[in-house]
>>> print(open('target_32.cif').read())   # mmCIF, C-alpha atoms and all ligand atoms
data_model
loop_
_atom_site.group_PDB
_atom_site.id
_atom_site.type_symbol
_atom_site.label_atom_id
_atom_site.label_comp_id
_atom_site.auth_asym_id
_atom_site.auth_seq_id
_atom_site.Cartn_x
_atom_site.Cartn_y
_atom_site.Cartn_z
ATOM 1 C CA MET X 1 91.639 139.189 91.983
ATOM 2 C CA ARG X 2 90.932 142.541 93.616
ATOM 3 C CA GLU X 3 90.825 144.442 90.302
ATOM 4 C CA SER X 4 88.674 141.746 88.706
ATOM 5 C CA ILE X 5 86.126 141.846 91.533
ATOM 6 C CA ILE X 6 85.923 145.634 91.174
ATOM 7 C CA ARG X 7 85.482 145.242 87.403
ATOM 8 C CA LEU X 8 82.830 142.541 87.795
ATOM 9 C CA GLY X 9 81.089 144.574 90.511
ATOM 10 C CA GLY X 10 80.910 147.510 88.117
ATOM 11 C CA ILE X 11 78.997 145.555 85.485
ATOM 12 C CA TRP X 12 77.011 143.317 87.853
ATOM 13 C CA ASP X 13 74.070 145.706 88.276
ATOM 14 C CA GLN X 14 73.741 146.089 84.522
ATOM 15 C CA LEU X 15 73.765 142.325 84.063
ATOM 16 C CA SER X 16 71.204 141.841 86.838
ATOM 17 C CA SER X 17 68.916 144.501 85.403
ATOM 18 C CA GLU X 18 69.054 142.819 81.969
ATOM 19 C CA VAL X 19 67.521 139.754 83.594
ATOM 20 C CA ALA X 20 65.013 141.736 85.655
ATOM 21 C CA GLY X 21 63.998 143.901 82.684
ATOM 22 C CA GLY X 22 63.781 141.084 80.160
ATOM 23 C CA ALA X 23 61.832 138.609 82.249
ATOM 24 C CA SER X 24 58.332 139.471 81.172
ATOM 25 C CA PRO X 25 55.539 137.499 82.831
ATOM 26 C CA GLY X 26 53.100 135.442 80.842
ATOM 27 C CA PRO X 27 53.464 134.055 77.345
ATOM 28 C CA ARG X 28 56.052 135.784 75.240
ATOM 29 C CA ALA X 29 54.619 137.752 72.366
ATOM 30 C CA ARG X 30 56.676 137.071 69.301
ATOM 31 C CA GLY X 31 58.335 140.157 67.932
ATOM 32 C CA SER X 32 57.730 142.348 70.969
ATOM 33 C CA ARG X 33 60.289 142.062 73.703
ATOM 34 C CA PRO X 34 63.202 139.762 73.016
ATOM 35 C CA PRO X 35 63.778 136.959 75.508
ATOM 36 C CA VAL X 36 66.322 137.269 78.282
ATOM 37 C CA LYS X 37 69.708 136.349 76.964
ATOM 38 C CA LEU X 38 70.762 132.913 78.121
ATOM 39 C CA SER X 39 74.326 134.164 78.240
ATOM 40 C CA VAL X 40 73.340 136.683 80.938
ATOM 41 C CA VAL X 41 71.370 134.153 82.965
ATOM 42 C CA SER X 42 74.110 131.551 82.807
ATOM 43 C CA LEU X 43 76.782 134.072 83.808
ATOM 44 C CA ILE X 44 74.744 135.313 86.766
ATOM 45 C CA MET X 45 74.029 131.753 87.890
ATOM 46 C CA ASP X 46 77.690 130.738 87.542
ATOM 47 C CA VAL X 47 78.836 133.666 89.658
ATOM 48 C CA ARG X 48 76.088 133.340 92.278
ATOM 49 C CA VAL X 49 76.588 129.623 92.844
ATOM 50 C CA ALA X 50 80.393 129.713 92.872
ATOM 51 C CA ALA X 51 80.549 132.816 95.082
ATOM 52 C CA ARG X 52 78.081 131.377 97.599
ATOM 53 C CA GLU X 53 79.822 128.004 97.815
ATOM 54 C CA GLY X 54 83.248 129.655 97.906
ATOM 55 C CA SER X 55 82.365 132.045 100.697
ATOM 56 C CA GLU X 56 80.753 129.246 102.712
ATOM 57 C CA ASP X 57 83.875 127.102 102.300
ATOM 58 C CA LEU X 58 86.501 129.769 102.803
ATOM 59 C CA ALA X 59 84.878 132.457 104.949
ATOM 60 C CA HIS X 60 82.375 130.147 106.672
ATOM 61 C CA ARG X 61 79.537 132.550 105.944
ATOM 62 C CA CYS X 62 77.803 134.061 102.946
ATOM 63 C CA THR X 63 75.418 136.853 102.015
ATOM 64 C CA PRO X 64 72.629 137.041 99.407
ATOM 65 C CA ASP X 65 74.903 139.343 97.372
ATOM 66 C CA ALA X 66 77.268 137.533 94.981
ATOM 67 C CA ILE X 67 79.792 140.373 94.806
ATOM 68 C CA ALA X 68 79.840 140.695 98.602
ATOM 69 C CA ASN X 69 80.538 136.949 98.728
ATOM 70 C CA LEU X 70 83.479 137.407 96.360
ATOM 71 C CA TRP X 71 84.864 140.027 98.765
ATOM 72 C CA LEU X 72 84.426 137.544 101.634
ATOM 73 C CA ILE X 73 86.416 135.004 99.604
ATOM 74 C CA HIS X 74 89.034 137.631 98.829
ATOM 75 C CA GLY X 75 89.291 138.514 102.521
ATOM 76 C CA ALA X 76 89.621 134.861 103.508
ATOM 77 C CA LEU X 77 92.386 134.309 100.936
ATOM 78 C CA VAL X 78 94.242 137.418 102.103
ATOM 79 C CA ALA X 79 93.995 136.238 105.716
ATOM 80 C CA LYS X 80 95.067 132.692 104.848
ATOM 81 C CA PRO X 81 96.845 132.641 101.472
ATOM 82 C CA ASP X 82 96.635 129.494 99.383
ATOM 83 C CA GLU X 83 98.391 129.772 96.041
ATOM 84 C CA ASP X 84 96.162 127.297 94.205
ATOM 85 C CA LEU X 85 92.937 128.829 95.492
ATOM 86 C CA ILE X 86 94.094 132.377 94.783
ATOM 87 C CA GLY X 87 95.013 131.340 91.234
ATOM 88 C CA TRP X 88 91.685 129.614 90.709
ATOM 89 C CA TRP X 89 89.600 132.502 92.023
ATOM 90 C CA SER X 90 91.636 135.142 90.180
ATOM 91 C CA ASP X 91 91.131 133.316 86.881
ATOM 92 C CA ALA X 92 87.454 132.675 87.579
ATOM 93 C CA VAL X 93 86.575 136.274 88.466
ATOM 94 C CA GLN X 94 88.556 137.595 85.507
ATOM 95 C CA GLU X 95 86.751 135.210 83.164
ATOM 96 C CA TRP X 96 83.347 136.257 84.550
ATOM 97 C CA ALA X 97 84.219 139.930 84.090
ATOM 98 C CA ASN X 98 85.320 139.207 80.506
ATOM 99 C CA ARG X 99 82.088 137.346 79.784
ATOM 100 C CA GLY X 100 80.103 140.242 81.242
ATOM 101 C CA ASP X 101 82.006 142.769 79.165
ATOM 102 C CA ALA X 102 81.403 140.760 76.015
ATOM 103 C CA ILE X 103 77.659 140.619 76.761
ATOM 104 C CA LEU X 104 77.344 144.303 77.605
ATOM 105 C CA ALA X 105 79.542 145.544 74.783
ATOM 106 C CA PRO X 106 78.307 143.657 71.742
ATOM 107 C CA HIS X 107 79.799 146.377 69.527
ATOM 108 C CA ALA X 108 83.151 144.825 70.337
ATOM 109 C CA LEU X 109 81.930 141.837 68.354
ATOM 110 C CA GLU X 110 81.749 141.774 64.613
ATOM 111 C CA ARG X 111 78.513 140.672 63.007
ATOM 112 C CA LEU X 112 78.757 137.702 60.722
ATOM 113 C CA TYR X 113 76.225 138.188 57.967
ATOM 114 C CA GLY X 114 74.558 135.085 56.592
ATOM 115 C CA ALA X 115 75.887 132.612 59.170
ATOM 116 C CA ILE X 116 73.446 130.167 60.720
ATOM 117 C CA CYS X 117 73.552 129.286 64.408
ATOM 118 C CA PRO X 118 74.177 125.531 64.691
ATOM 119 C CA ILE X 119 72.085 125.419 67.881
ATOM 120 C CA CYS X 120 68.945 127.473 67.142
ATOM 121 C CA ALA X 121 69.280 127.796 63.343
ATOM 122 C CA SER X 122 68.757 131.566 63.482
ATOM 123 C CA VAL X 123 70.279 133.818 60.858
ATOM 124 C CA SER X 124 69.124 137.077 62.420
ATOM 125 C CA GLY X 125 68.084 138.469 65.777
ATOM 126 C CA ASN X 126 67.239 141.780 67.451
ATOM 127 C CA ALA X 127 69.650 144.322 68.850
ATOM 128 C CA LEU X 128 68.989 147.521 70.745
ATOM 129 C CA GLN X 129 70.444 150.367 68.723
ATOM 130 C CA ASP X 130 69.891 153.984 69.741
ATOM 131 C CA GLY X 131 66.857 152.913 71.762
ATOM 132 C CA GLU X 132 65.229 150.936 68.960
ATOM 133 C CA TRP X 133 65.169 147.230 68.196
ATOM 134 C CA VAL X 134 66.742 146.513 64.855
ATOM 135 C CA LYS X 135 67.304 143.288 62.959
ATOM 136 C CA VAL X 136 70.934 142.190 62.938
ATOM 137 C CA PRO X 137 72.820 138.971 62.160
ATOM 138 C CA ALA X 138 72.420 136.282 64.835
ATOM 139 C CA ILE X 139 76.071 135.308 64.864
ATOM 140 C CA GLU X 140 78.791 137.601 66.129
ATOM 141 C CA VAL X 141 82.514 137.063 66.224
ATOM 142 C CA GLY X 142 85.031 138.499 68.663
ATOM 143 C CA TRP X 143 88.574 138.936 67.381
ATOM 144 C CA ASP X 144 91.812 138.883 69.251
ATOM 145 C CA ASP X 145 94.320 140.443 66.841
ATOM 146 C CA ASP X 146 93.672 138.385 63.732
ATOM 147 C CA SER X 147 92.431 135.144 65.279
ATOM 148 C CA VAL X 148 88.875 134.358 66.313
ATOM 149 C CA LYS X 149 88.483 134.564 70.060
ATOM 150 C CA VAL X 150 84.794 133.928 70.550
ATOM 151 C CA VAL X 151 81.666 133.242 68.516
ATOM 152 C CA CYS X 152 78.253 134.121 69.981
ATOM 153 C CA CYS X 153 74.646 133.724 68.945
ATOM 154 C CA ARG X 154 72.581 136.660 70.172
ATOM 155 C CA VAL X 155 69.339 134.748 69.670
ATOM 156 C CA CYS X 156 69.870 131.660 71.828
ATOM 157 C CA GLY X 157 72.860 132.974 73.790
ATOM 158 C CA SER X 158 75.133 130.121 72.724
ATOM 159 C CA ARG X 159 78.762 131.001 73.009
ATOM 160 C CA TRP X 160 81.870 129.229 71.803
ATOM 161 C CA ASP X 161 85.273 130.113 73.098
ATOM 162 C CA ARG X 162 88.635 129.478 71.570
ATOM 163 C CA ASP X 163 88.863 126.042 73.152
ATOM 164 C CA ASP X 164 85.664 124.843 71.522
ATOM 165 C CA ASN X 165 87.188 124.058 68.113
ATOM 166 C CA LEU X 166 86.188 127.324 66.476
ATOM 167 C CA SER X 167 87.445 126.394 63.043
ATOM 168 C CA GLY X 168 85.201 123.317 63.045
ATOM 169 C CA LEU X 169 82.310 125.516 64.104
ATOM 170 C CA PHE X 170 83.044 127.967 61.311
ATOM 171 C CA ASP X 171 83.118 125.202 58.733
ATOM 172 C CA ARG X 172 79.790 123.940 60.043
ATOM 173 C CA MET X 173 78.182 127.390 59.911
ATOM 174 C CA MET X 174 79.391 128.018 56.420
ATOM 175 C CA THR X 175 78.374 124.565 55.165
ATOM 176 C CA ASP X 176 74.917 125.033 56.694
ATOM 177 C CA ASN X 177 74.773 128.442 55.101
ATOM 178 C CA GLN X 178 75.628 127.154 51.635
ATOM 179 C CA ARG X 179 73.081 124.409 52.033
ATOM 180 C CA GLU X 180 70.467 126.995 52.972
ATOM 181 C CA VAL X 181 71.400 129.215 50.040
ATOM 182 C CA LEU X 182 71.217 126.251 47.663
ATOM 183 C CA HIS X 183 67.912 125.210 49.206
ATOM 184 C CA LEU X 184 66.442 128.696 48.793
ATOM 185 C CA GLY X 185 67.866 128.998 45.298
HETATM 186 ZN ZN ZN Y 1 71.535 130.410 68.303
#
>>> encode(input="target_32.cif", output="structure tokens", more="lines below")
Ligand SMILES: [Zn+2]
Amino acid sequence: MRESIIRLGGIWDQLSSEVAGGASPGPRARGSRPPVKLSVVSLIMDVRVAAREGSEDLAHRCTPDAIANLWLIHGALVAKPDEDLIGWWSDAVQEWANRGDAILAPHALERLYGAICPICASVSGNALQDGEWVKVPAIEVGWDDDSVKVVCCRVCGSRWDRDDNLSGLFDRMMTDNQREVLHLG
């Protein structure tokens, strides 16, 4: 858990600044600044809520800082070890750090050209490349050896993990894609 908190703490500021930087006031001008990624917002909310509730439960106090709350939880579990709770928190923090890494290192994902997002129906989205916004495929795939580990849509922030029936999702994307191609043709 200790290593995972350090890892999550290292990427937390970057995640928070993505939200702060992307949240432009007023109506969103199409084509200017891309919207805040839902994946970032949902990760930050997941961590904030769980860390606050966890530190209130286990350490009987909490701070406005999510990472500081995780350290309070860590301290409470060191002081009074509970195998189940330690296992739960270790897995949770590791998963959050993995999600953060995947968001901040999209180059680790492979772009899937021509696939259509089943949620927002996007085929392409914007990515920051060498300081400039460029058009890239909406759907990205993360590989773990030779099996699909995660599928993400950079436009709406939808994310499907291995447990979410990825092969069914793939079939759906490809069927939608063929339909679109036929429709356009
Ligand atoms: Zn989408």
>>> residues_near_ligand(input="target_32.cif", ligand="ligand ZN 1 (chain Y)", cutoff="12 Å", atoms="only C-alpha atoms and all ligand atoms", output="ChimeraX atom specification")
/X:37-39,115-125,137-140,151-160,173
>>> closest_atom_pairs(input="target_32.cif", of="range 38-85 of chain X", to="range 5-21 of chain X", cutoff="8 Å", atoms="all atoms listed in the file", output="Markdown table")
| residue | atom | partner | partner_atom | distance |
| --- | --- | --- | --- | --- |
| X:Val40 | CA | X:Leu15 | CA | 6.5 |
| X:Val41 | CA | X:Val19 | CA | 6.8 |
| X:Ile44 | CA | X:Ser16 | CA | 7.4 |
| X:Ile67 | CA | X:Gly9 | CA | 6.1 |
| X:Leu70 | CA | X:Ile5 | CA | 7.1 |
| X:Trp71 | CA | X:Ile5 | CA | 7.6 |
>>> closest_residue(input="target_32.cif", among="X:Ala127, X:Ala92, X:Ala79, X:Cys62", to="Arg111 in chain X", atoms="only C-alpha atoms")
X:Ala127
>>> resolve_selection(input="target_32.cif", expression="the PyMOL selection byres (((chain X and resi 51) around 9) and not hetatm)", output="ChimeraX atom specification")
/X:46-50,52-56,62,65-70,72-73
>>> atom_distance(input="target_32.cif", atom1="CA of Leu43 in chain X", atom2="CA of Lys149 in chain X")
18.1 Å
>>> axis_aligned_box(input="target_32.cif", around="range 43-62 of chain X", padding_each_side="6 Å", output="AutoDock Vina command-line options")
--center_x 80.3 --center_y 131.2 --center_z 95.2 --size_x 24.5 --size_y 20.2 --size_z 34.9
>>> atom_distance(input="target_32.cif", atom1="CA of Gly87 in chain X", atom2="CA of Ser4 in chain X")
12.4 Å
>>> atom_distance(input="target_32.cif", atom1="CA of Met1 in chain X", atom2="CA of Arg61 in chain X")
19.6 Å
